[in-house]
>>> print(open('work-v8.pdb').read())   # PDB, C-alpha atoms
ATOM      1  CA  MET A  13     -17.260   1.882 -11.354
ATOM      2  CA  ARG A  14     -19.301   2.982  -8.305
ATOM      3  CA  SER A  15     -16.959   1.064  -5.987
ATOM      4  CA  ARG A  16     -13.946   2.791  -7.566
ATOM      5  CA  THR A  17     -15.610   6.179  -7.137
ATOM      6  CA  LEU A  18     -16.363   5.459  -3.477
ATOM      7  CA  LEU A  19     -12.762   4.288  -3.010
ATOM      8  CA  PHE A  20     -11.308   7.508  -4.414
ATOM      9  CA  MET A  21     -13.798   9.658  -2.482
ATOM     10  CA  SER A  22     -12.802   7.840   0.713
ATOM     11  CA  LEU A  23      -9.149   8.394  -0.091
ATOM     12  CA  GLY A  24      -9.849  12.056  -0.700
ATOM     13  CA  GLY A  25     -11.530  12.324   2.707
ATOM     14  CA  ILE A  26      -8.648  10.534   4.379
ATOM     15  CA  ALA A  27      -6.219  12.851   2.627
ATOM     16  CA  VAL A  28      -8.027  15.929   3.945
ATOM     17  CA  VAL A  29      -7.927  14.602   7.524
ATOM     18  CA  TRP A  30      -4.292  13.565   7.102
ATOM     19  CA  LEU A  31      -3.355  16.987   5.748
ATOM     20  CA  ALA A  32      -5.107  18.702   8.643
ATOM     21  CA  VAL A  33      -3.220  16.554  11.179
ATOM     22  CA  VAL A  34       0.097  17.196   9.440
ATOM     23  CA  LEU A  35      -0.502  20.923   9.342
ATOM     24  CA  TYR A  36      -1.560  20.969  12.998
ATOM     25  CA  ILE A  37       1.527  19.060  14.110
ATOM     26  CA  GLY A  38       3.759  21.128  11.874
ATOM     27  CA  SER A  39       2.368  24.407  13.170
ATOM     28  CA  HIS A  40       3.115  23.353  16.757
ATOM     29  CA  SER A  41       6.697  22.277  16.182
ATOM     30  CA  PRO A  42       9.674  24.578  16.841
ATOM     31  CA  GLN A  43      10.820  24.285  13.237
ATOM     32  CA  ALA A  44       7.479  25.615  12.042
ATOM     33  CA  ALA A  45       7.434  28.739  14.201
ATOM     34  CA  ALA A  46       7.950  31.008  11.202
ATOM     35  CA  THR A  47       5.210  29.232   9.258
ATOM     36  CA  SER A  48       2.677  29.459  12.072
ATOM     37  CA  SER A  49       3.455  33.133  12.659
ATOM     38  CA  THR A  50       2.671  33.965   9.032
ATOM     39  CA  GLY A  51      -0.358  31.690   8.859
ATOM     40  CA  ARG A  52       1.040  29.738   5.898
ATOM     41  CA  ALA A  53       0.998  25.948   5.720
ATOM     42  CA  ASP A  54       4.131  23.990   4.900
ATOM     43  CA  VAL A  55       2.766  22.665   1.609
ATOM     44  CA  GLY A  56       4.415  22.952  -1.785
ATOM     45  CA  GLY A  57       7.995  23.524  -2.772
ATOM     46  CA  SER A  58      10.493  23.068  -5.526
ATOM     47  CA  PHE A  59      10.033  20.602  -8.365
ATOM     48  CA  GLU A  60      11.568  19.947 -11.761
ATOM     49  CA  LEU A  61       9.377  18.139 -14.267
ATOM     50  CA  MET A  62       8.714  17.917 -18.003
ATOM     51  CA  ASN A  63       5.637  19.594 -19.426
ATOM     52  CA  HIS A  64       3.328  18.134 -22.057
ATOM     53  CA  GLU A  65       5.286  19.977 -24.745
ATOM     54  CA  GLY A  66       8.489  18.165 -23.819
ATOM     55  CA  ARG A  67      10.187  21.060 -22.023
ATOM     56  CA  MET A  68      11.693  20.919 -18.554
ATOM     57  CA  VAL A  69      10.077  23.342 -16.131
ATOM     58  CA  SER A  70      10.329  24.000 -12.423
ATOM     59  CA  ASP A  71       8.204  25.666  -9.793
ATOM     60  CA  ALA A  72      10.144  28.853 -10.550
ATOM     61  CA  SER A  73       8.760  28.770 -14.110
ATOM     62  CA  PHE A  74       5.375  29.807 -12.687
ATOM     63  CA  ARG A  75       6.519  32.701 -10.509
ATOM     64  CA  GLY A  76       4.273  35.704 -10.903
ATOM     65  CA  LYS A  77       1.269  33.436 -11.550
ATOM     66  CA  TYR A  78      -1.135  31.631  -9.252
ATOM     67  CA  MET A  79      -0.821  27.856  -9.531
ATOM     68  CA  LEU A  80      -3.915  25.658  -9.211
ATOM     69  CA  VAL A  81      -2.255  22.279  -8.686
ATOM     70  CA  TYR A  82      -3.763  18.808  -8.893
ATOM     71  CA  PHE A  83      -2.025  15.417  -8.765
ATOM     72  CA  GLY A  84      -3.657  12.581 -10.703
ATOM     73  CA  TYR A  85      -3.239  10.408 -13.788
ATOM     74  CA  THR A  86      -4.786  10.116 -17.224
ATOM     75  CA  PHE A  87      -5.989   6.522 -16.814
ATOM     76  CA  CYS A  88      -8.036   7.540 -13.765
ATOM     77  CA  PRO A  89     -11.605   6.411 -14.515
ATOM     78  CA  ASP A  90     -13.581   9.209 -12.891
ATOM     79  CA  VAL A  91     -12.152  11.371 -10.100
ATOM     80  CA  CYS A  92      -9.324  12.959 -12.102
ATOM     81  CA  PRO A  93     -11.293  14.020 -15.194
ATOM     82  CA  THR A  94     -14.072  15.304 -12.958
ATOM     83  CA  THR A  95     -11.664  17.378 -10.889
ATOM     84  CA  LEU A  96      -9.853  18.768 -13.930
ATOM     85  CA  SER A  97     -13.206  19.725 -15.441
ATOM     86  CA  THR A  98     -14.133  21.504 -12.207
ATOM     87  CA  MET A  99     -10.840  23.404 -12.248
ATOM     88  CA  ALA A 100     -11.412  24.422 -15.859
ATOM     89  CA  GLU A 101     -14.966  25.558 -15.146
ATOM     90  CA  ALA A 102     -13.828  27.567 -12.111
ATOM     91  CA  ILE A 103     -11.277  29.411 -14.244
ATOM     92  CA  GLU A 104     -13.934  30.130 -16.843
ATOM     93  CA  ILE A 105     -16.203  31.522 -14.123
ATOM     94  CA  LEU A 106     -13.379  33.794 -12.960
ATOM     95  CA  GLY A 107     -12.997  35.138 -16.485
ATOM     96  CA  TYR A 108     -10.573  38.040 -16.759
ATOM     97  CA  GLU A 109     -10.016  37.998 -12.984
ATOM     98  CA  GLY A 110      -8.518  34.531 -13.320
ATOM     99  CA  ARG A 111      -6.140  35.376 -16.164
ATOM    100  CA  ASP A 112      -3.107  34.735 -13.937
ATOM    101  CA  VAL A 113      -4.356  31.417 -12.555
ATOM    102  CA  ILE A 114      -2.551  28.497 -14.198
ATOM    103  CA  PRO A 115      -4.128  25.044 -13.812
ATOM    104  CA  ILE A 116      -1.394  22.436 -13.362
ATOM    105  CA  PHE A 117      -1.860  18.666 -13.571
ATOM    106  CA  ILE A 118       1.021  16.598 -12.165
ATOM    107  CA  THR A 119       0.848  12.910 -12.956
ATOM    108  CA  VAL A 120       1.395  10.226 -10.333
ATOM    109  CA  ASP A 121       1.730   7.658 -13.118
ATOM    110  CA  PRO A 122       4.868   8.723 -15.020
ATOM    111  CA  ASP A 123       5.360   5.276 -16.573
ATOM    112  CA  ARG A 124       2.261   5.662 -18.729
ATOM    113  CA  ASP A 125       1.798   9.423 -18.760
ATOM    114  CA  THR A 126       4.413  10.483 -21.264
ATOM    115  CA  PRO A 127       4.555  14.069 -22.560
ATOM    116  CA  GLU A 128       2.978  12.901 -25.815
ATOM    117  CA  HIS A 129       0.103  11.231 -24.020
ATOM    118  CA  LEU A 130      -0.419  14.225 -21.754
ATOM    119  CA  ALA A 131      -0.440  16.569 -24.753
ATOM    120  CA  THR A 132      -3.510  14.782 -26.079
ATOM    121  CA  TYR A 133      -5.161  14.600 -22.663
ATOM    122  CA  VAL A 134      -4.971  18.304 -21.773
ATOM    123  CA  ARG A 135      -6.934  19.273 -24.896
ATOM    124  CA  TYR A 136     -10.097  17.949 -23.270
ATOM    125  CA  PHE A 137     -10.033  20.444 -20.408
ATOM    126  CA  HIS A 138      -8.621  23.969 -20.632
ATOM    127  CA  PRO A 139      -6.270  25.741 -23.060
ATOM    128  CA  ARG A 140      -4.101  26.962 -20.168
ATOM    129  CA  LEU A 141      -3.829  23.565 -18.502
ATOM    130  CA  VAL A 142      -0.210  22.494 -18.047
ATOM    131  CA  ALA A 143       0.454  18.773 -17.556
ATOM    132  CA  LEU A 144       3.713  17.658 -15.953
ATOM    133  CA  THR A 145       5.528  14.336 -15.784
ATOM    134  CA  GLY A 146       9.055  13.115 -15.128
ATOM    135  CA  THR A 147      11.025  10.237 -13.738
ATOM    136  CA  ARG A 148       9.592   8.292 -10.832
ATOM    137  CA  ASP A 149      11.976  10.095  -8.479
ATOM    138  CA  GLN A 150      11.053  13.529  -9.818
ATOM    139  CA  VAL A 151       7.352  12.829  -9.430
ATOM    140  CA  ALA A 152       7.903  11.403  -5.941
ATOM    141  CA  ARG A 153       9.750  14.547  -4.858
ATOM    142  CA  ALA A 154       6.977  16.786  -6.150
ATOM    143  CA  ALA A 155       4.317  14.664  -4.439
ATOM    144  CA  LYS A 156       6.263  14.735  -1.177
ATOM    145  CA  ALA A 157       6.527  18.524  -1.328
ATOM    146  CA  TYR A 158       2.736  18.748  -1.642
ATOM    147  CA  ARG A 159       2.156  15.949   0.906
ATOM    148  CA  ILE A 160       0.407  13.808  -1.684
ATOM    149  CA  TYR A 161      -0.159  10.105  -1.130
ATOM    150  CA  TYR A 162      -0.227   7.725  -4.088
ATOM    151  CA  ALA A 163       0.218   3.983  -4.612
ATOM    152  CA  ARG A 164      -0.176   1.634  -7.558
ATOM    153  CA  VAL A 165      -2.992  -0.919  -7.271
ATOM    154  CA  PRO A 166      -2.768  -3.853  -9.728
ATOM    155  CA  GLU A 167      -5.998  -4.992 -11.340
ATOM    156  CA  PRO A 168      -6.890  -8.702 -11.615
ATOM    157  CA  GLY A 169      -4.884 -10.519 -14.271
ATOM    158  CA  ASN A 170      -1.258 -10.757 -15.264
ATOM    159  CA  ASP A 171      -0.910  -7.603 -17.355
ATOM    160  CA  PRO A 172       1.664  -5.404 -15.557
ATOM    161  CA  ASP A 173       0.312  -2.329 -17.349
ATOM    162  CA  SER A 174      -3.191  -2.883 -16.014
ATOM    163  CA  TYR A 175      -3.429  -0.999 -12.737
ATOM    164  CA  LEU A 176      -5.084   1.887 -10.956
ATOM    165  CA  VAL A 177      -3.338   4.453  -8.770
ATOM    166  CA  ASP A 178      -4.789   5.360  -5.401
ATOM    167  CA  HIS A 179      -3.967   8.995  -4.667
ATOM    168  CA  SER A 180      -4.935  12.062  -2.695
ATOM    169  CA  SER A 181      -7.581  14.137  -4.463
ATOM    170  CA  LEU A 182      -6.826  17.687  -3.361
ATOM    171  CA  VAL A 183      -6.492  20.828  -5.451
ATOM    172  CA  PHE A 184      -3.982  23.369  -4.137
ATOM    173  CA  LEU A 185      -3.972  27.110  -4.786
ATOM    174  CA  MET A 186      -0.465  28.572  -4.579
ATOM    175  CA  ASP A 187       0.350  32.274  -4.656
ATOM    176  CA  ARG A 188       2.610  34.174  -7.064
ATOM    177  CA  GLU A 189       5.661  33.088  -5.070
ATOM    178  CA  GLY A 190       4.654  29.427  -5.024
ATOM    179  CA  ARG A 191       3.400  29.525  -1.433
ATOM    180  CA  TYR A 192       0.317  27.672  -0.204
ATOM    181  CA  MET A 193      -2.898  29.698  -0.002
ATOM    182  CA  THR A 194      -5.691  27.129   0.330
ATOM    183  CA  HIS A 195      -6.859  23.744  -0.928
ATOM    184  CA  PHE A 196     -10.079  22.192  -2.191
ATOM    185  CA  SER A 197     -11.307  18.685  -1.482
ATOM    186  CA  HIS A 198     -12.817  16.338  -4.046
ATOM    187  CA  GLY A 199     -16.415  17.237  -4.770
ATOM    188  CA  THR A 200     -15.973  21.002  -4.424
ATOM    189  CA  GLU A 201     -18.279  22.746  -6.892
ATOM    190  CA  ALA A 202     -16.714  24.942  -9.580
ATOM    191  CA  SER A 203     -18.671  27.979  -8.369
ATOM    192  CA  GLU A 204     -17.435  27.490  -4.821
ATOM    193  CA  MET A 205     -13.852  27.061  -6.027
ATOM    194  CA  ALA A 206     -14.086  30.198  -8.159
ATOM    195  CA  GLU A 207     -15.550  32.233  -5.315
ATOM    196  CA  LYS A 208     -12.763  31.213  -2.925
ATOM    197  CA  ILE A 209     -10.047  31.862  -5.492
ATOM    198  CA  ARG A 210     -11.534  35.288  -6.282
ATOM    199  CA  SER A 211     -11.456  36.223  -2.600
ATOM    200  CA  LEU A 212      -7.729  35.410  -2.449
ATOM    201  CA  LEU A 213      -6.515  37.039  -5.645
TER
END
>>> encode(input="work-v8.pdb", output="structure tokens")
Amino acid sequence: MRSRTLLFMSLGGIAVVWLAVVLYIGSHSPQAAATSSTGRADVGGSFELMNHEGRMVSDASFRGKYMLVYFGYTFCPDVCPTTLSTMAEAIEILGYEGRDVIPIFITVDPDRDTPEHLATYVRYFHPRLVALTGTRDQVARAAKAYRIYYARVPEPGNDPDSYLVDHSSLVFLMDREGRYMTHFSHGTEASEMAEKIRSLL
């Protein structure tokens, strides 16, 4: 378990460095002139996925709200439940100030994370938590928009359903128009997350 935790923490660190490089390169390219002039990173975008209640939603479904977005999967042994718990605690700390912050969990394991399975999973975290899944292509498009890395890692044995998923462990805060505001790396304390979110609301 410790080795898995170290693996995911390492991946989270790599993801932060990778994101910083991407944003630096993007902000210095001609195509990104408008982005760099407004100070907004080119992270996020359109998606169409199914929520844990079986309804199709898109990024536009959350307009007017702040989205706190995390990509993970329900079979994740430690990093994902820890991060979702941190998100939930941060929203509780915000209290009434955080009433328009919607925590969103997008699976990177759509084969196993069905709407029915996600519906059970979200109950363990926060009543406002929205879990999203879809086809492999739909999930891939959403992950690409948020610059998320993920890859299936088979576990020893011949069971094709026995695998982990390596993935970036970043939490993104998006504004009321679905635009990037900031992100949090794995290990960020709930109080720190709440304080940063409060300063941006």
>>> resolve_selection(input="work-v8.pdb", expression="the PyMOL selection byres ((chain A and resi 104-116) around 10)", output="PyMOL selection string")
chain A and resi 63+74+76-83+96+98-103+117-119+137-144+183-188+202-203+205-207+209-210+213
>>> closest_residue(input="work-v8.pdb", among="A:Arg75, A:Lys208, A:His179, A:Arg124", to="A:Tyr162", atoms="all atoms listed in the file")
A:His179
>>> atom_distance(input="work-v8.pdb", atom1="atom CA of A:Pro166", atom2="atom CA of A:Asp123")
14.0 Å
>>> atom_distance(input="work-v8.pdb", atom1="atom CA of A:Asp171", atom2="atom CA of A:Cys92")
22.8 Å
>>> closest_residue(input="work-v8.pdb", among="A:Ala131, A:Val55, A:Arg148, A:Thr126", to="A:Leu182", atoms="all atoms listed in the file")
A:Val55
>>> resolve_selection(input="work-v8.pdb", expression="the PyMOL selection byres ((chain A and resi 66) around 10)", output="MDAnalysis selection string")
chainID A and resid 61:65 67:69 126:128 130:131 144:145
>>> atom_distance(input="work-v8.pdb", atom1="atom CA of A:Ala72", atom2="atom CA of A:Ala163")
27.4 Å
>>> resolve_selection(input="work-v8.pdb", expression="the PyMOL selection byres ((chain A and resi 161) around 8)", output="PyMOL selection string")
chain A and resi 27+155-156+159-160+162-163+178-180
>>> write_last_selection(input="work-v8.pdb", atoms="C-alpha atoms", output="compact mmCIF listing (two decimals), keeping the file's coordinate frame")
# COMPACT_ATOMS: atom_id res chain seq x y z
CA ALA A 27 -6.22 12.85 2.63
CA ALA A 155 4.32 14.66 -4.44
CA LYS A 156 6.26 14.74 -1.18
CA ARG A 159 2.16 15.95 0.91
CA ILE A 160 0.41 13.81 -1.68
CA TYR A 162 -0.23 7.72 -4.09
CA ALA A 163 0.22 3.98 -4.61
CA ASP A 178 -4.79 5.36 -5.40
CA HIS A 179 -3.97 8.99 -4.67
CA SER A 180 -4.93 12.06 -2.70
>>> residues_around(input="work-v8.pdb", residues="A:Asp71", least_positions_apart="5", cutoff="8 Å", atoms="only C-alpha atoms", output="list in words")
Gly57, Ser58, Phe59, Glu60 and Gly190 of chain A
>>> closest_residue(input="work-v8.pdb", among="A:Ser73, A:Ser174, A:Gln150, A:Ser97", to="A:Tyr133", atoms="all atoms listed in the file")
A:Ser97
>>> residues_near_point(input="work-v8.pdb", point="(-7.4, 1.9, -19.1)", cutoff="12 Å", atoms="only C-alpha atoms", output="short mmCIF file (atom, residue, chain, number, x, y, z; two decimals) with C-alpha atoms, keeping the file's coordinate frame")
data_model
loop_
_atom_site.label_atom_id
_atom_site.label_comp_id
_atom_site.auth_asym_id
_atom_site.auth_seq_id
_atom_site.Cartn_x
_atom_site.Cartn_y
_atom_site.Cartn_z
CA TYR A 85 -3.24 10.41 -13.79
CA THR A 86 -4.79 10.12 -17.22
CA PHE A 87 -5.99 6.52 -16.81
CA CYS A 88 -8.04 7.54 -13.76
CA PRO A 89 -11.60 6.41 -14.52
CA ASP A 90 -13.58 9.21 -12.89
CA ARG A 124 2.26 5.66 -18.73
CA ASP A 125 1.80 9.42 -18.76
CA PRO A 166 -2.77 -3.85 -9.73
CA GLU A 167 -6.00 -4.99 -11.34
CA ASP A 171 -0.91 -7.60 -17.36
CA ASP A 173 0.31 -2.33 -17.35
CA SER A 174 -3.19 -2.88 -16.01
CA TYR A 175 -3.43 -1.00 -12.74
CA LEU A 176 -5.08 1.89 -10.96
CA VAL A 177 -3.34 4.45 -8.77
#
>>> decode(input="work-v8.pdb", residues="stretch 72-85 of chain A", atoms="N, CA and C atoms", output="compact mmCIF listing (two decimals), in the first residue's frame")
# COMPACT_ATOMS: atom_id res chain seq x y z
N ALA A 72 -21.55 23.07 -19.74
CA ALA A 72 -22.52 24.16 -19.70
C ALA A 72 -23.56 23.97 -18.60
N SER A 73 -23.75 22.72 -18.15
CA SER A 73 -24.73 22.44 -17.10
C SER A 73 -24.33 23.10 -15.78
N PHE A 74 -23.06 23.47 -15.64
CA PHE A 74 -22.56 24.04 -14.39
C PHE A 74 -22.29 25.53 -14.48
N ARG A 75 -22.73 26.16 -15.56
CA ARG A 75 -22.53 27.61 -15.69
C ARG A 75 -23.24 28.32 -14.54
N GLY A 76 -22.60 29.36 -14.05
CA GLY A 76 -23.14 30.09 -12.92
C GLY A 76 -22.65 29.55 -11.59
N LYS A 77 -21.97 28.41 -11.61
CA LYS A 77 -21.40 27.80 -10.41
C LYS A 77 -19.88 27.69 -10.57
N TYR A 78 -19.20 27.57 -9.45
CA TYR A 78 -17.77 27.27 -9.48
C TYR A 78 -17.62 25.76 -9.48
N MET A 79 -16.78 25.23 -10.36
CA MET A 79 -16.55 23.79 -10.40
C MET A 79 -15.21 23.47 -9.73
N LEU A 80 -15.24 22.53 -8.80
CA LEU A 80 -14.03 22.01 -8.17
C LEU A 80 -13.86 20.60 -8.72
N VAL A 81 -12.97 20.45 -9.70
CA VAL A 81 -12.91 19.25 -10.53
C VAL A 81 -11.73 18.37 -10.18
N TYR A 82 -12.02 17.07 -10.03
CA TYR A 82 -10.97 16.08 -9.78
C TYR A 82 -11.20 14.85 -10.64
N PHE A 83 -10.15 14.36 -11.27
CA PHE A 83 -10.20 13.13 -12.06
C PHE A 83 -9.61 11.99 -11.24
N GLY A 84 -10.34 10.88 -11.15
CA GLY A 84 -9.85 9.73 -10.41
C GLY A 84 -10.71 8.51 -10.71
N TYR A 85 -10.75 7.56 -9.81
CA TYR A 85 -11.58 6.37 -10.02
C TYR A 85 -11.91 5.72 -8.69
